[in-house]
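model_33.cif follows (mmCIF, C-alpha atoms):
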```cif
data_entry
loop_
_atom_site.group_PDB
_atom_site.id
_atom_site.type_symbol
_atom_site.label_atom_id
_atom_site.label_comp_id
_atom_site.auth_asym_id
_atom_site.auth_seq_id
_atom_site.Cartn_x
_atom_site.Cartn_y
_atom_site.Cartn_z
ATOM 1 C CA ASP A 1 0.000 0.000 0.000
ATOM 2 C CA GLY A 2 1.199 3.527 -0.766
ATOM 3 C CA GLY A 3 1.695 5.945 2.070
ATOM 4 C CA ILE A 4 4.006 7.782 4.410
ATOM 5 C CA THR A 5 5.657 6.213 7.403
ATOM 6 C CA GLN A 6 7.294 7.966 10.314
ATOM 7 C CA SER A 7 9.352 6.357 12.995
ATOM 8 C CA PRO A 8 9.492 6.102 15.864
ATOM 9 C CA LYS A 9 5.993 6.999 17.087
ATOM 10 C CA TYR A 10 7.343 8.157 20.467
ATOM 11 C CA LEU A 11 10.849 9.441 21.108
ATOM 12 C CA PHE A 12 12.510 10.575 24.293
ATOM 13 C CA ARG A 13 15.671 12.594 24.340
ATOM 14 C CA LYS A 14 17.901 14.081 26.978
ATOM 15 C CA GLU A 15 18.706 17.760 26.795
ATOM 16 C CA GLY A 16 21.789 18.448 24.721
ATOM 17 C CA GLN A 17 21.365 15.457 22.418
ATOM 18 C CA ASN A 18 20.649 15.528 18.713
ATOM 19 C CA VAL A 19 17.920 13.202 17.462
ATOM 20 C CA THR A 20 16.821 12.209 13.948
ATOM 21 C CA LEU A 21 13.216 11.560 12.964
ATOM 22 C CA SER A 22 12.578 9.309 10.008
ATOM 23 C CA CYS A 23 10.084 9.949 7.172
ATOM 24 C CA GLU A 24 9.670 7.634 4.195
ATOM 25 C CA GLN A 25 7.108 7.711 1.375
ATOM 26 C CA ASN A 26 6.387 5.332 -1.477
ATOM 27 C CA LEU A 27 3.912 7.589 -3.267
ATOM 28 C CA ASN A 28 6.508 8.739 -5.810
ATOM 29 C CA HIS A 29 5.939 12.314 -4.658
ATOM 30 C CA ASP A 30 8.551 14.937 -5.427
ATOM 31 C CA ALA A 31 7.719 17.308 -2.575
ATOM 32 C CA MET A 32 8.118 16.545 1.123
ATOM 33 C CA TYR A 33 7.517 18.657 4.224
ATOM 34 C CA TRP A 34 8.158 18.718 7.956
ATOM 35 C CA TYR A 35 5.733 20.405 10.333
ATOM 36 C CA ARG A 36 5.733 20.924 14.055
ATOM 37 C CA GLN A 37 2.443 20.840 15.958
ATOM 38 C CA ASP A 38 1.979 22.407 19.386
ATOM 39 C CA PRO A 39 -1.338 22.542 21.272
ATOM 40 C CA GLY A 40 -3.513 25.447 20.128
ATOM 41 C CA GLN A 41 -1.011 26.588 17.487
ATOM 42 C CA GLY A 42 -1.797 24.503 14.448
ATOM 43 C CA LEU A 43 0.993 23.321 12.178
ATOM 44 C CA ARG A 44 4.120 25.302 11.515
ATOM 45 C CA LEU A 45 6.416 24.543 8.598
ATOM 46 C CA ILE A 46 9.994 23.627 9.531
ATOM 47 C CA TYR A 47 11.572 22.618 6.214
ATOM 48 C CA TYR A 48 10.378 21.521 2.803
ATOM 49 C CA SER A 49 11.904 19.924 -0.253
ATOM 50 C CA GLN A 50 10.498 20.188 -3.769
ATOM 51 C CA ILE A 51 13.002 17.817 -5.334
ATOM 52 C CA VAL A 52 15.874 15.505 -4.440
ATOM 53 C CA ASN A 53 19.058 17.219 -3.215
ATOM 54 C CA ASP A 54 17.226 20.488 -2.638
ATOM 55 C CA PHE A 55 15.394 21.868 0.391
ATOM 56 C CA GLN A 56 14.297 25.214 1.808
ATOM 57 C CA LYS A 57 13.740 26.613 5.269
ATOM 58 C CA GLY A 58 10.192 27.037 6.435
ATOM 59 C CA ASP A 59 8.939 29.411 9.112
ATOM 60 C CA ILE A 60 10.701 27.845 12.107
ATOM 61 C CA ALA A 61 13.882 26.196 10.781
ATOM 62 C CA GLU A 62 16.230 27.317 13.566
ATOM 63 C CA GLY A 63 17.588 24.346 15.518
ATOM 64 C CA TYR A 64 16.603 21.824 12.835
ATOM 65 C CA SER A 65 18.355 20.297 9.836
ATOM 66 C CA VAL A 66 17.242 18.039 6.988
ATOM 67 C CA SER A 67 18.632 16.110 4.045
ATOM 68 C CA ARG A 68 17.042 14.836 0.831
ATOM 69 C CA GLU A 69 19.421 12.346 -0.709
ATOM 70 C CA LYS A 70 16.659 10.066 -1.954
ATOM 71 C CA LYS A 71 13.203 10.843 -3.307
ATOM 72 C CA GLU A 72 11.592 8.503 -0.778
ATOM 73 C CA SER A 73 13.273 9.832 2.345
ATOM 74 C CA PHE A 74 13.356 13.185 4.164
ATOM 75 C CA PRO A 75 14.865 12.789 7.661
ATOM 76 C CA LEU A 76 14.681 15.628 10.178
ATOM 77 C CA THR A 77 17.372 16.177 12.800
ATOM 78 C CA VAL A 78 16.415 18.079 15.920
ATOM 79 C CA THR A 79 19.642 19.553 17.215
ATOM 80 C CA SER A 80 20.590 20.653 20.693
ATOM 81 C CA ALA A 81 20.256 24.236 19.441
ATOM 82 C CA GLN A 82 16.467 23.877 19.317
ATOM 83 C CA LYS A 83 15.323 25.611 22.512
ATOM 84 C CA ASN A 84 11.959 23.912 22.964
ATOM 85 C CA PRO A 85 11.893 20.678 20.971
ATOM 86 C CA THR A 86 9.104 18.843 22.798
ATOM 87 C CA ALA A 87 6.293 18.643 20.232
ATOM 88 C CA PHE A 88 4.449 16.448 17.744
ATOM 89 C CA TYR A 89 6.263 16.289 14.400
ATOM 90 C CA LEU A 90 4.419 15.580 11.178
ATOM 91 C CA CYS A 91 5.892 14.709 7.816
ATOM 92 C CA ALA A 92 3.918 15.179 4.588
ATOM 93 C CA SER A 93 4.396 14.740 0.868
ATOM 94 C CA SER A 94 2.672 15.934 -2.275
ATOM 95 C CA ALA A 95 2.971 15.746 -6.004
ATOM 96 C CA PRO A 96 4.410 19.043 -7.347
ATOM 97 C CA PRO A 97 1.934 21.720 -6.256
ATOM 98 C CA ARG A 98 -0.631 22.144 -9.014
ATOM 99 C CA GLY A 99 -3.464 23.381 -6.863
ATOM 100 C CA GLY A 100 -6.016 21.051 -5.352
ATOM 101 C CA ASP A 101 -3.403 18.358 -4.795
ATOM 102 C CA GLU A 102 -3.504 17.269 -1.212
ATOM 103 C CA GLN A 103 -0.589 16.839 1.117
ATOM 104 C CA PHE A 104 -0.507 13.304 2.494
ATOM 105 C CA PHE A 105 0.530 13.123 6.127
ATOM 106 C CA GLY A 106 2.379 10.496 8.100
ATOM 107 C CA PRO A 107 1.155 9.361 11.539
ATOM 108 C CA GLY A 108 3.565 11.662 13.379
ATOM 109 C CA THR A 109 6.354 11.329 15.938
ATOM 110 C CA ARG A 110 5.914 12.673 19.447
ATOM 111 C CA LEU A 111 9.244 13.932 20.764
ATOM 112 C CA THR A 112 9.707 14.543 24.470
ATOM 113 C CA VAL A 113 12.838 16.109 25.891
ATOM 114 C CA LEU A 114 13.553 14.985 29.439
ATOM 115 C CA GLY B 115 0.934 38.778 6.560
ATOM 116 C CA GLU B 116 -0.650 35.406 6.049
ATOM 117 C CA ASP B 117 -2.862 34.234 8.880
ATOM 118 C CA VAL B 118 -5.626 31.701 9.351
ATOM 119 C CA GLU B 119 -7.852 31.866 12.431
ATOM 120 C CA GLN B 120 -10.229 29.315 13.933
ATOM 121 C CA SER B 121 -12.005 29.003 17.246
ATOM 122 C CA LEU B 122 -10.355 26.315 19.379
ATOM 123 C CA PHE B 123 -13.337 24.292 20.618
ATOM 124 C CA LEU B 124 -16.830 23.244 19.541
ATOM 125 C CA SER B 125 -19.175 20.889 21.361
ATOM 126 C CA VAL B 126 -22.340 19.435 19.815
ATOM 127 C CA ARG B 127 -24.806 16.630 20.506
ATOM 128 C CA GLU B 128 -24.907 13.533 18.342
ATOM 129 C CA GLY B 129 -27.307 14.032 15.422
ATOM 130 C CA ASP B 130 -26.984 17.823 15.413
ATOM 131 C CA SER B 131 -25.171 19.791 12.722
ATOM 132 C CA SER B 132 -21.687 21.152 13.434
ATOM 133 C CA VAL B 133 -20.397 24.337 11.869
ATOM 134 C CA ILE B 134 -16.685 25.086 12.082
ATOM 135 C CA ASN B 135 -15.603 28.552 10.996
ATOM 136 C CA CYS B 136 -12.341 29.897 9.661
ATOM 137 C CA THR B 137 -11.068 33.280 8.517
ATOM 138 C CA TYR B 138 -8.012 33.861 6.384
ATOM 139 C CA THR B 139 -6.105 36.889 5.188
ATOM 140 C CA ASP B 140 -4.413 36.009 1.890
ATOM 141 C CA SER B 141 -6.753 37.153 -0.883
ATOM 142 C CA SER B 142 -4.563 35.432 -3.468
ATOM 143 C CA SER B 143 -5.304 31.986 -2.032
ATOM 144 C CA THR B 144 -6.211 29.602 -4.814
ATOM 145 C CA TYR B 145 -7.449 26.658 -2.770
ATOM 146 C CA LEU B 146 -8.829 26.304 0.730
ATOM 147 C CA TYR B 147 -8.789 22.988 2.545
ATOM 148 C CA TRP B 148 -10.336 21.208 5.486
ATOM 149 C CA TYR B 149 -8.241 18.525 7.199
ATOM 150 C CA LYS B 150 -9.257 16.180 10.019
ATOM 151 C CA GLN B 151 -6.889 14.925 12.736
ATOM 152 C CA GLU B 152 -7.883 12.079 15.023
ATOM 153 C CA PRO B 153 -6.051 11.737 18.372
ATOM 154 C CA GLY B 154 -2.375 10.892 18.015
ATOM 155 C CA ALA B 155 -2.570 10.657 14.229
ATOM 156 C CA GLY B 156 -1.614 12.627 11.159
ATOM 157 C CA LEU B 157 -3.922 14.852 9.139
ATOM 158 C CA GLN B 158 -6.371 13.560 6.568
ATOM 159 C CA LEU B 159 -7.804 15.737 3.809
ATOM 160 C CA LEU B 160 -11.601 15.966 4.098
ATOM 161 C CA THR B 161 -12.411 18.325 1.275
ATOM 162 C CA TYR B 162 -11.199 21.415 -0.528
ATOM 163 C CA ILE B 163 -12.730 24.294 -2.454
ATOM 164 C CA PHE B 164 -11.339 26.372 -5.266
ATOM 165 C CA SER B 165 -11.378 30.101 -4.582
ATOM 166 C CA ASN B 166 -13.820 30.887 -7.375
ATOM 167 C CA MET B 167 -16.510 28.652 -5.848
ATOM 168 C CA ASP B 168 -19.070 29.623 -3.215
ATOM 169 C CA MET B 169 -20.119 26.203 -2.041
ATOM 170 C CA LYS B 170 -19.152 22.564 -2.273
ATOM 171 C CA GLN B 171 -21.132 19.631 -0.950
ATOM 172 C CA ASP B 172 -19.819 16.140 -0.371
ATOM 173 C CA GLN B 173 -22.203 13.751 1.415
ATOM 174 C CA ARG B 174 -22.521 15.071 5.010
ATOM 175 C CA LEU B 175 -19.999 17.856 4.437
ATOM 176 C CA THR B 176 -20.828 21.324 3.101
ATOM 177 C CA VAL B 177 -18.144 23.944 2.567
ATOM 178 C CA LEU B 178 -19.146 27.589 2.216
ATOM 179 C CA LEU B 179 -16.731 30.251 1.033
ATOM 180 C CA ASN B 180 -17.328 33.992 1.347
ATOM 181 C CA LYS B 181 -14.407 35.394 -0.556
ATOM 182 C CA LYS B 182 -15.346 39.010 0.128
ATOM 183 C CA ASP B 183 -15.160 38.455 3.897
ATOM 184 C CA LYS B 184 -12.396 35.821 3.598
ATOM 185 C CA HIS B 185 -14.556 33.431 5.598
ATOM 186 C CA LEU B 186 -14.688 29.671 5.188
ATOM 187 C CA SER B 187 -16.972 27.258 6.999
ATOM 188 C CA LEU B 188 -17.388 23.498 7.237
ATOM 189 C CA ARG B 189 -20.803 22.117 8.090
ATOM 190 C CA ILE B 190 -21.110 18.478 9.167
ATOM 191 C CA ALA B 191 -24.677 17.214 9.021
ATOM 192 C CA ASP B 192 -25.939 14.545 11.445
ATOM 193 C CA THR B 193 -22.737 14.681 13.490
ATOM 194 C CA GLN B 194 -21.623 11.330 14.898
ATOM 195 C CA THR B 195 -19.291 10.454 17.781
ATOM 196 C CA GLY B 196 -16.774 9.286 15.164
ATOM 197 C CA ASP B 197 -16.574 12.873 13.933
ATOM 198 C CA SER B 198 -14.864 13.895 17.193
ATOM 199 C CA ALA B 199 -11.449 15.185 16.112
ATOM 200 C CA ILE B 200 -9.486 18.364 15.451
ATOM 201 C CA TYR B 201 -10.400 20.107 12.208
ATOM 202 C CA PHE B 202 -7.902 22.359 10.458
ATOM 203 C CA CYS B 203 -8.602 24.803 7.714
ATOM 204 C CA ALA B 204 -5.705 25.726 5.463
ATOM 205 C CA GLU B 205 -5.161 28.132 2.607
ATOM 206 C CA MET B 206 -2.886 27.653 -0.385
ATOM 207 C CA GLY B 207 -1.331 30.816 -1.697
ATOM 208 C CA GLY B 208 2.386 30.385 -2.249
ATOM 209 C CA LYS B 209 2.438 27.710 0.452
ATOM 210 C CA LEU B 210 0.009 25.892 2.710
ATOM 211 C CA ILE B 211 -0.904 27.886 5.843
ATOM 212 C CA PHE B 212 -2.866 26.124 8.599
ATOM 213 C CA GLY B 213 -5.212 27.473 11.221
ATOM 214 C CA GLN B 214 -4.834 26.488 14.874
ATOM 215 C CA GLY B 215 -7.420 23.744 14.592
ATOM 216 C CA THR B 216 -10.908 23.405 16.109
ATOM 217 C CA GLU B 217 -11.440 20.526 18.499
ATOM 218 C CA LEU B 218 -14.901 19.086 17.873
ATOM 219 C CA SER B 219 -16.432 17.145 20.744
ATOM 220 C CA VAL B 220 -19.582 15.124 19.999
ATOM 221 C CA LYS B 221 -21.666 14.129 23.008
ATOM 222 C CA PRO B 222 -24.068 11.155 22.834
#
```
Spit out the file's structure as structure tokens when you get a sec.
Amino acid sequence: DGGITQSPKYLFRKEGQNVTLSCEQNLNHDAMYWYRQDPGQGLRLIYYSQIVNDFQKGDIAEGYSVSREKKESFPLTVTSAQKNPTAFYLCASSAPPRGGDEQFFGPGTRLTVL
Amino acid sequence: GEDVEQSLFLSVREGDSSVINCTYTDSSSTYLYWYKQEPGAGLQLLTYIFSNMDMKQDQRLTVLLNKKDKHLSLRIADTQTGDSAIYFCAEMGGKLIFGQGTELSVKP
């Protein structure tokens, strides 16, 4: 079945540690996105990639890094520079934006910093 | 700047209609979307409307768009307990901008 997978579902990290969240899709989509969700704030865009080997900062990129070496994969690293990393992280993908095309979302990873 | 606003909570009784409202600021938005998020899960697209339409109906869902007032609403007819979730509206201008989400609680 086609879809997006994120792993792990729950992740715990000690302060000062970097952690990488996985996102894989087999929908053959060119574009992939990372969002952060906090209660009462909706989704905020961290990074996005329209094509392999290219990515752009979103609205809240500070303290995060990404790579896009393969079309199927768009891992997100939460670095120790991110001041408040505890949140729910959602990965999404879409065909190149043509209007009306939906973004397909993964199930999310809940990161907790201890 | 771009902004999308929704009320945070809505509570209805099973069988009633639910109306979730949204306002947006980007008049160049081409598409407006409604997504549903069940607890602990990702977002699922419910429906979308092109900016030159006033209304779209899809089974129990009715979307109304007032482009002059930049107001979007989602009506769910005969609301069921399975409709309990967070509903996000989003606008597509240059990028997808989400509202804060409205948590719909359906009481039996």
Excluding same-chain residues fewer than 3 positions from Thr79 in chain A, what lies within 10 Å of it counting all atoms listed in the file, as an mmCIF file with C-alpha atoms, keeping the file's coordinate frame?
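Output saved as out_4.cif:
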```cif
data_model
loop_
_atom_site.group_PDB
_atom_site.id
_atom_site.type_symbol
_atom_site.label_atom_id
_atom_site.label_comp_id
_atom_site.auth_asym_id
_atom_site.auth_seq_id
_atom_site.Cartn_x
_atom_site.Cartn_y
_atom_site.Cartn_z
ATOM 1 C CA GLU A 15 18.706 17.760 26.795
ATOM 2 C CA GLY A 16 21.789 18.448 24.721
ATOM 3 C CA GLN A 17 21.365 15.457 22.418
ATOM 4 C CA ASN A 18 20.649 15.528 18.713
ATOM 5 C CA VAL A 19 17.920 13.202 17.462
ATOM 6 C CA THR A 20 16.821 12.209 13.948
ATOM 7 C CA GLU A 62 16.230 27.317 13.566
ATOM 8 C CA GLY A 63 17.588 24.346 15.518
ATOM 9 C CA TYR A 64 16.603 21.824 12.835
ATOM 10 C CA SER A 65 18.355 20.297 9.836
ATOM 11 C CA LEU A 76 14.681 15.628 10.178
ATOM 12 C CA GLN A 82 16.467 23.877 19.317
ATOM 13 C CA LYS A 83 15.323 25.611 22.512
ATOM 14 C CA PRO A 85 11.893 20.678 20.971
#
```
Mind giving me the straight-line distance from CA of Leu43 in chain A to CA of Leu111 in chain A in Å, one decimal?
15.2 Å
Rank B:Asn166, B:Gln214, B:Thr195, B:Gln158 by their smallest atom-to-atom distance to Tyr138 in chain B, using only C-alpha atoms, and report the top residue only.
B:Gln214
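With the shown file loaded, the PyMOL selection byres ((chain B and resi 172) around 12) picks out Leu160, Thr161, Tyr162, Ile163, Met169, Lys170, Gln171, Gln173, Arg174, Leu175, Thr176, Val177, Leu178, Leu188, Arg189, Ile190 and Ala191 of chain B.
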Picked residues, the PyMOL selection byres ((chain A and resi 114) around 7), as a VMD selection string
chain A and resid 12 to 15 112 to 113
Preceding selection exported with C-alpha atoms as a compact mmCIF listing (two decimals), keeping the file's coordinate frame:
```
# COMPACT_ATOMS: atom_id res chain seq x y z
CA PHE A 12 12.51 10.58 24.29
CA ARG A 13 15.67 12.59 24.34
CA LYS A 14 17.90 14.08 26.98
CA GLU A 15 18.71 17.76 26.80
CA THR A 112 9.71 14.54 24.47
CA VAL A 113 12.84 16.11 25.89
```
Coordinates-based distance that separates CA of Trp148 in chain B from CA of Ala31 in chain A (Å, one decimal):
20.2 Å
Per-residue nearest contacts of chain B to chain A (10 Å; all atoms listed in the file) as JSON lines:
```
{"residue": "B:Val118", "atom": "CA", "partner": "A:Gly42", "partner_atom": "CA", "distance": 9.6}
{"residue": "B:Glu119", "atom": "CA", "partner": "A:Gly42", "partner_atom": "CA", "distance": 9.7}
{"residue": "B:Gln120", "atom": "CA", "partner": "A:Gly42", "partner_atom": "CA", "distance": 9.7}
{"residue": "B:Ser121", "atom": "CA", "partner": "A:Gly40", "partner_atom": "CA", "distance": 9.6}
{"residue": "B:Leu122", "atom": "CA", "partner": "A:Gly40", "partner_atom": "CA", "distance": 6.9}
{"residue": "B:Phe123", "atom": "CA", "partner": "A:Gly40", "partner_atom": "CA", "distance": 9.9}
{"residue": "B:Thr144", "atom": "CA", "partner": "A:Gly99", "partner_atom": "CA", "distance": 7.1}
{"residue": "B:Tyr145", "atom": "CA", "partner": "A:Gly100", "partner_atom": "CA", "distance": 6.3}
{"residue": "B:Leu146", "atom": "CA", "partner": "A:Gly100", "partner_atom": "CA", "distance": 8.5}
{"residue": "B:Tyr147", "atom": "CA", "partner": "A:Gly100", "partner_atom": "CA", "distance": 8.6}
{"residue": "B:Tyr149", "atom": "CA", "partner": "A:Glu102", "partner_atom": "CA", "distance": 9.7}
{"residue": "B:Gln151", "atom": "CA", "partner": "A:Pro107", "partner_atom": "CA", "distance": 9.9}
{"residue": "B:Gly154", "atom": "CA", "partner": "A:Pro107", "partner_atom": "CA", "distance": 7.5}
{"residue": "B:Ala155", "atom": "CA", "partner": "A:Pro107", "partner_atom": "CA", "distance": 4.8}
{"residue": "B:Gly156", "atom": "CA", "partner": "A:Pro107", "partner_atom": "CA", "distance": 4.3}
{"residue": "B:Leu157", "atom": "CA", "partner": "A:Phe105", "partner_atom": "CA", "distance": 5.6}
{"residue": "B:Gln158", "atom": "CA", "partner": "A:Phe105", "partner_atom": "CA", "distance": 6.9}
{"residue": "B:Leu159", "atom": "CA", "partner": "A:Glu102", "partner_atom": "CA", "distance": 6.8}
{"residue": "B:Leu160", "atom": "CA", "partner": "A:Glu102", "partner_atom": "CA", "distance": 9.8}
{"residue": "B:Thr161", "atom": "CA", "partner": "A:Glu102", "partner_atom": "CA", "distance": 9.3}
{"residue": "B:Tyr162", "atom": "CA", "partner": "A:Gly100", "partner_atom": "CA", "distance": 7.1}
{"residue": "B:Ile163", "atom": "CA", "partner": "A:Gly100", "partner_atom": "CA", "distance": 8.0}
{"residue": "B:Phe164", "atom": "CA", "partner": "A:Gly100", "partner_atom": "CA", "distance": 7.5}
{"residue": "B:Ile200", "atom": "CA", "partner": "A:Gly42", "partner_atom": "CA", "distance": 9.9}
{"residue": "B:Tyr201", "atom": "CA", "partner": "A:Gly42", "partner_atom": "CA", "distance": 9.9}
{"residue": "B:Phe202", "atom": "CA", "partner": "A:Gly42", "partner_atom": "CA", "distance": 7.6}
{"residue": "B:Cys203", "atom": "CA", "partner": "A:Gly42", "partner_atom": "CA", "distance": 9.6}
{"residue": "B:Ala204", "atom": "CA", "partner": "A:Leu43", "partner_atom": "CA", "distance": 9.8}
{"residue": "B:Met206", "atom": "CA", "partner": "A:Gly99", "partner_atom": "CA", "distance": 7.8}
{"residue": "B:Gly207", "atom": "CA", "partner": "A:Gly99", "partner_atom": "CA", "distance": 9.3}
{"residue": "B:Gly208", "atom": "CA", "partner": "A:Pro97", "partner_atom": "CA", "distance": 9.6}
{"residue": "B:Lys209", "atom": "CA", "partner": "A:Pro97", "partner_atom": "CA", "distance": 9.0}
{"residue": "B:Leu210", "atom": "CA", "partner": "A:Leu45", "partner_atom": "CA", "distance": 8.8}
{"residue": "B:Ile211", "atom": "CA", "partner": "A:Arg44", "partner_atom": "CA", "distance": 8.0}
{"residue": "B:Phe212", "atom": "CA", "partner": "A:Leu43", "partner_atom": "CA", "distance": 6.0}
{"residue": "B:Gly213", "atom": "CA", "partner": "A:Gly42", "partner_atom": "CA", "distance": 5.6}
{"residue": "B:Gln214", "atom": "CA", "partner": "A:Gly42", "partner_atom": "CA", "distance": 3.7}
{"residue": "B:Gly215", "atom": "CA", "partner": "A:Gly42", "partner_atom": "CA", "distance": 5.7}
{"residue": "B:Thr216", "atom": "CA", "partner": "A:Gly40", "partner_atom": "CA", "distance": 8.7}
{"residue": "B:Glu217", "atom": "CA", "partner": "A:Gly40", "partner_atom": "CA", "distance": 9.5}
```
Let me see the file: selected residues, C-alpha atoms, as a short mmCIF file (atom, residue, chain, number, x, y, z; two decimals), keeping the file's coordinate frame.
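For reference, result_24.cif as written:
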```cif
data_model
loop_
_atom_site.label_atom_id
_atom_site.label_comp_id
_atom_site.auth_asym_id
_atom_site.auth_seq_id
_atom_site.Cartn_x
_atom_site.Cartn_y
_atom_site.Cartn_z
CA VAL B 118 -5.63 31.70 9.35
CA GLU B 119 -7.85 31.87 12.43
CA GLN B 120 -10.23 29.32 13.93
CA SER B 121 -12.00 29.00 17.25
CA LEU B 122 -10.36 26.32 19.38
CA PHE B 123 -13.34 24.29 20.62
CA THR B 144 -6.21 29.60 -4.81
CA TYR B 145 -7.45 26.66 -2.77
CA LEU B 146 -8.83 26.30 0.73
CA TYR B 147 -8.79 22.99 2.54
CA TYR B 149 -8.24 18.52 7.20
CA GLN B 151 -6.89 14.92 12.74
CA GLY B 154 -2.38 10.89 18.02
CA ALA B 155 -2.57 10.66 14.23
CA GLY B 156 -1.61 12.63 11.16
CA LEU B 157 -3.92 14.85 9.14
CA GLN B 158 -6.37 13.56 6.57
CA LEU B 159 -7.80 15.74 3.81
CA LEU B 160 -11.60 15.97 4.10
CA THR B 161 -12.41 18.32 1.27
CA TYR B 162 -11.20 21.42 -0.53
CA ILE B 163 -12.73 24.29 -2.45
CA PHE B 164 -11.34 26.37 -5.27
CA ILE B 200 -9.49 18.36 15.45
CA TYR B 201 -10.40 20.11 12.21
CA PHE B 202 -7.90 22.36 10.46
CA CYS B 203 -8.60 24.80 7.71
CA ALA B 204 -5.70 25.73 5.46
CA MET B 206 -2.89 27.65 -0.38
CA GLY B 207 -1.33 30.82 -1.70
CA GLY B 208 2.39 30.38 -2.25
CA LYS B 209 2.44 27.71 0.45
CA LEU B 210 0.01 25.89 2.71
CA ILE B 211 -0.90 27.89 5.84
CA PHE B 212 -2.87 26.12 8.60
CA GLY B 213 -5.21 27.47 11.22
CA GLN B 214 -4.83 26.49 14.87
CA GLY B 215 -7.42 23.74 14.59
CA THR B 216 -10.91 23.40 16.11
CA GLU B 217 -11.44 20.53 18.50
#
```
Pairwise distance for CA of Cys136 in chain B and CA of Gly196 in chain B, rounded to one decimal in Å:
21.8 Å
Report as lines of an AutoDock Vina configuration file the centre and the edge lengths, in Å to one decimal, of the axis-aligned box holding every listed atom of range 203-206 of chain B, padded by 4 Å on each side.
```
center_x = -5.7
center_y = 26.5
center_z = 3.7
size_x = 13.7
size_y = 11.3
size_z = 16.1
```
If the PyMOL selection byres ((chain B and resi 127-133) around 9) is run on the structure shown, which residues does it catch, given as a list of chain:residue names?
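Those residues are B:Leu124, B:Ser125, B:Val126, B:Ile134, B:Asn135, B:Ser187, B:Leu188, B:Arg189, B:Ile190, B:Ala191, B:Asp192, B:Thr193, B:Gln194, B:Thr195, B:Leu218, B:Ser219, B:Val220, B:Lys221, B:Pro222.
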Selection from above, C-alpha atoms, as a PDB file, keeping the file's coordinate frame, can you write it?
```
ATOM      1  CA  LEU B 124     -16.830  23.244  19.541  1.00  0.00           C
ATOM      2  CA  SER B 125     -19.175  20.889  21.361  1.00  0.00           C
ATOM      3  CA  VAL B 126     -22.340  19.435  19.815  1.00  0.00           C
ATOM      4  CA  ILE B 134     -16.685  25.086  12.082  1.00  0.00           C
ATOM      5  CA  ASN B 135     -15.603  28.552  10.996  1.00  0.00           C
ATOM      6  CA  SER B 187     -16.972  27.258   6.999  1.00  0.00           C
ATOM      7  CA  LEU B 188     -17.388  23.498   7.237  1.00  0.00           C
ATOM      8  CA  ARG B 189     -20.803  22.117   8.090  1.00  0.00           C
ATOM      9  CA  ILE B 190     -21.110  18.478   9.167  1.00  0.00           C
ATOM     10  CA  ALA B 191     -24.677  17.214   9.021  1.00  0.00           C
ATOM     11  CA  ASP B 192     -25.939  14.545  11.445  1.00  0.00           C
ATOM     12  CA  THR B 193     -22.737  14.681  13.490  1.00  0.00           C
ATOM     13  CA  GLN B 194     -21.623  11.330  14.898  1.00  0.00           C
ATOM     14  CA  THR B 195     -19.291  10.454  17.781  1.00  0.00           C
ATOM     15  CA  LEU B 218     -14.901  19.086  17.873  1.00  0.00           C
ATOM     16  CA  SER B 219     -16.432  17.145  20.744  1.00  0.00           C
ATOM     17  CA  VAL B 220     -19.582  15.124  19.999  1.00  0.00           C
ATOM     18  CA  LYS B 221     -21.666  14.129  23.008  1.00  0.00           C
ATOM     19  CA  PRO B 222     -24.068  11.155  22.834  1.00  0.00           C
TER      20      PRO B 222
END
```
Which residue gives the smallest distance to Ser165 in chain B among B:Glu152, B:Leu179, B:Asp140, B:Asp117, with all atoms listed in the file counted?
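Closest to Ser165 in chain B, using all atoms listed in the file: B:Leu179.
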Residue nearest Trp34 in chain A - candidates A:Pro75, A:Glu69, A:Gln50, A:Ile4, atoms counted: all atoms listed in the file
A:Pro75
Write out as a PyMOL selection string which residues come within 8 Å of Glu24 in chain A when counting only C-alpha atoms, dropping same-chain ones fewer than 4 positions away.
chain A and resi 4-6+72-74
